[in-house]
Structure formats: structure tokens, C-alpha cells
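Scroll down for the structure; my scribbles are underneath it.
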Amino acid sequence: MAGCVFCKIVSGEIKADFLYEDDSVVCFKDLKPATPVHFLVVPKKHLANPSEVADDDREIIGKMFQATAKVAKDLGIENSGYRMVLNIGPDAGQEIFHIHMHILGGKKLGWPPG
């Protein structure tokens, strides 16, 4: 999608240091980390929100979870724990309208998040 920052990262138009990449998903460090470990999991296919996820896209969501688990292990937070956050819509704080998960870890996280 023209103008989408994540689509530009996926295409290589904007450089990012990928922690993981496969045919469906990329993971990279957040530029403004909120925790010691903070990375993003982004599908390569542009999907603005869950209502755009079709039956053919189900595998992408599974691959997002598998990529998260691999990178969490690689970064040493697999056993201590981490939070997977999807912000959907403006009231939830979504700024880039391309589905993505924030993975937060590396410290004890409180609940509720605030």
C-alpha cells in the first residue's frame, strides 16, 4: 500500500535491521523501545486491521506467532516472559494502519498495563 511505512520496510525502501524474515513475516527492533526488549512483528502482506484478514491469511497470523517465539528465544526472553500487543484503531493507539505486534520484554511488566 502506497505510503505505508511497514510496506516500505518490507520492500526494502526503508532500511531496517531484521531480526527475522520468512516468506510472510518480518521482525525488527522498535525505533523507540518501551522496554529493554521491544521488537515488531509485521506481516509482509498489507492488512490494515483484523477485519481485512481473509481465510487465505490465516497462515500469516500463525507465522507471526512462530516468528515471535523464535525471536524471543534468540533474544533470551523466552523463559522470563514477554507481552504481545496489538493496537487496533486510533483509540487503542494504532499509528500505522498495517497489522503489527509489539513484543515487549526484558523486565517485569505490570498489569493492567495502564
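Scheme for the C-alpha cells: letters A, B, ... for chains in order shown; per-chain residue numbers from 1; ligand numbers from 1 in order shown.
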Just list as an MDAnalysis selection string whatever in segment 38-85 of chain A DSSP marks as helix (DSSP H, G or I). chainID A and resid 50:52 55:74
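Within 8 Å of segment 10-25 of chain A, once only C-alpha atoms are used and residues closer than 3 positions along the same chain are dropped, the contacting residues are Val5, Phe6, Cys7, Phe28, Lys29, Val41, Val42, Pro43, Lys44, Lys45, Ile60, Lys63, Met64, Ala67 and Val71 of chain A.
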Which parts of chain A does DSSP call strand (DSSP E or B) when run on the backbone here, written out as a list in words? Phe18, Leu19, Tyr20, Glu21, Val25, Val26, Cys27, Phe28, Lys29, Val37, His38, Phe39, Leu40, Val41, Val42, Pro43, Tyr82, Arg83, Met84, Val85, Met101, His102, Ile103, Leu104 and Gly105 of chain A
May I have the residues within 10 Å of Lys108 of chain A as an MDAnalysis selection string, using only C-alpha atoms and disregarding those fewer than 5 positions away in the same chain? chainID A and resid 35 80:82
Output of the above residues as an mmCIF file, in the first residue's frame, restricted to N, CA and C atoms:
data_model
loop_
_atom_site.group_PDB
_atom_site.id
_atom_site.type_symbol
_atom_site.label_atom_id
_atom_site.label_comp_id
_atom_site.auth_asym_id
_atom_site.auth_seq_id
_atom_site.Cartn_x
_atom_site.Cartn_y
_atom_site.Cartn_z
ATOM 1 N N THR A 35 10.586 -0.984 26.390
ATOM 2 C CA THR A 35 11.165 -1.928 27.345
ATOM 3 C C THR A 35 12.551 -2.314 26.826
ATOM 4 N N SER A 80 11.656 -15.960 30.633
ATOM 5 C CA SER A 80 11.274 -14.923 31.604
ATOM 6 C C SER A 80 9.913 -14.323 31.268
ATOM 7 N N GLY A 81 9.554 -14.351 30.000
ATOM 8 C CA GLY A 81 8.247 -13.874 29.568
ATOM 9 C C GLY A 81 8.311 -12.584 28.776
ATOM 10 N N TYR A 82 7.229 -12.355 28.062
ATOM 11 C CA TYR A 82 7.113 -11.163 27.223
ATOM 12 C C TYR A 82 5.642 -10.905 26.959
#
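From atom CA of Lys73 of chain A back to atom CA of Pro50 of chain A, the distance works out to 26.6 Å.
For the set A:His46, A:Lys32, A:His38, A:Lys107, the residue with the smallest atom-to-atom gap to Met1 of chain A is A:His46, counting only C-alpha atoms.
Candidate residues A:Val26, A:Ala2, A:Val53, A:Ile61 were compared for distance to Phe39 of chain A, and the nearest is A:Val26, using only C-alpha atoms.
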Hey, what's within 8 Å of Cys4 of chain A if we count only C-alpha atoms and toss same-chain stuff fewer than 4 positions away? As number ranges by chain, please? A: 8, 96-98
Would you save the residues from that selection as a compact mmCIF listing (two decimals), in the first residue's frame, using N, CA and C atoms?
# COMPACT_ATOMS: atom_id res chain seq x y z
N LYS A 8 6.94 -0.16 3.16
CA LYS A 8 8.23 0.33 2.67
C LYS A 8 9.38 -0.41 3.34
N ILE A 96 0.23 3.25 12.80
CA ILE A 96 0.49 2.76 11.45
C ILE A 96 -0.56 1.71 11.16
N PHE A 97 -1.37 1.94 10.14
CA PHE A 97 -2.51 1.07 9.87
C PHE A 97 -2.11 -0.08 8.94
N HIS A 98 -1.26 -0.91 9.51
CA HIS A 98 -0.78 -2.18 8.94
C HIS A 98 -0.64 -3.06 10.17
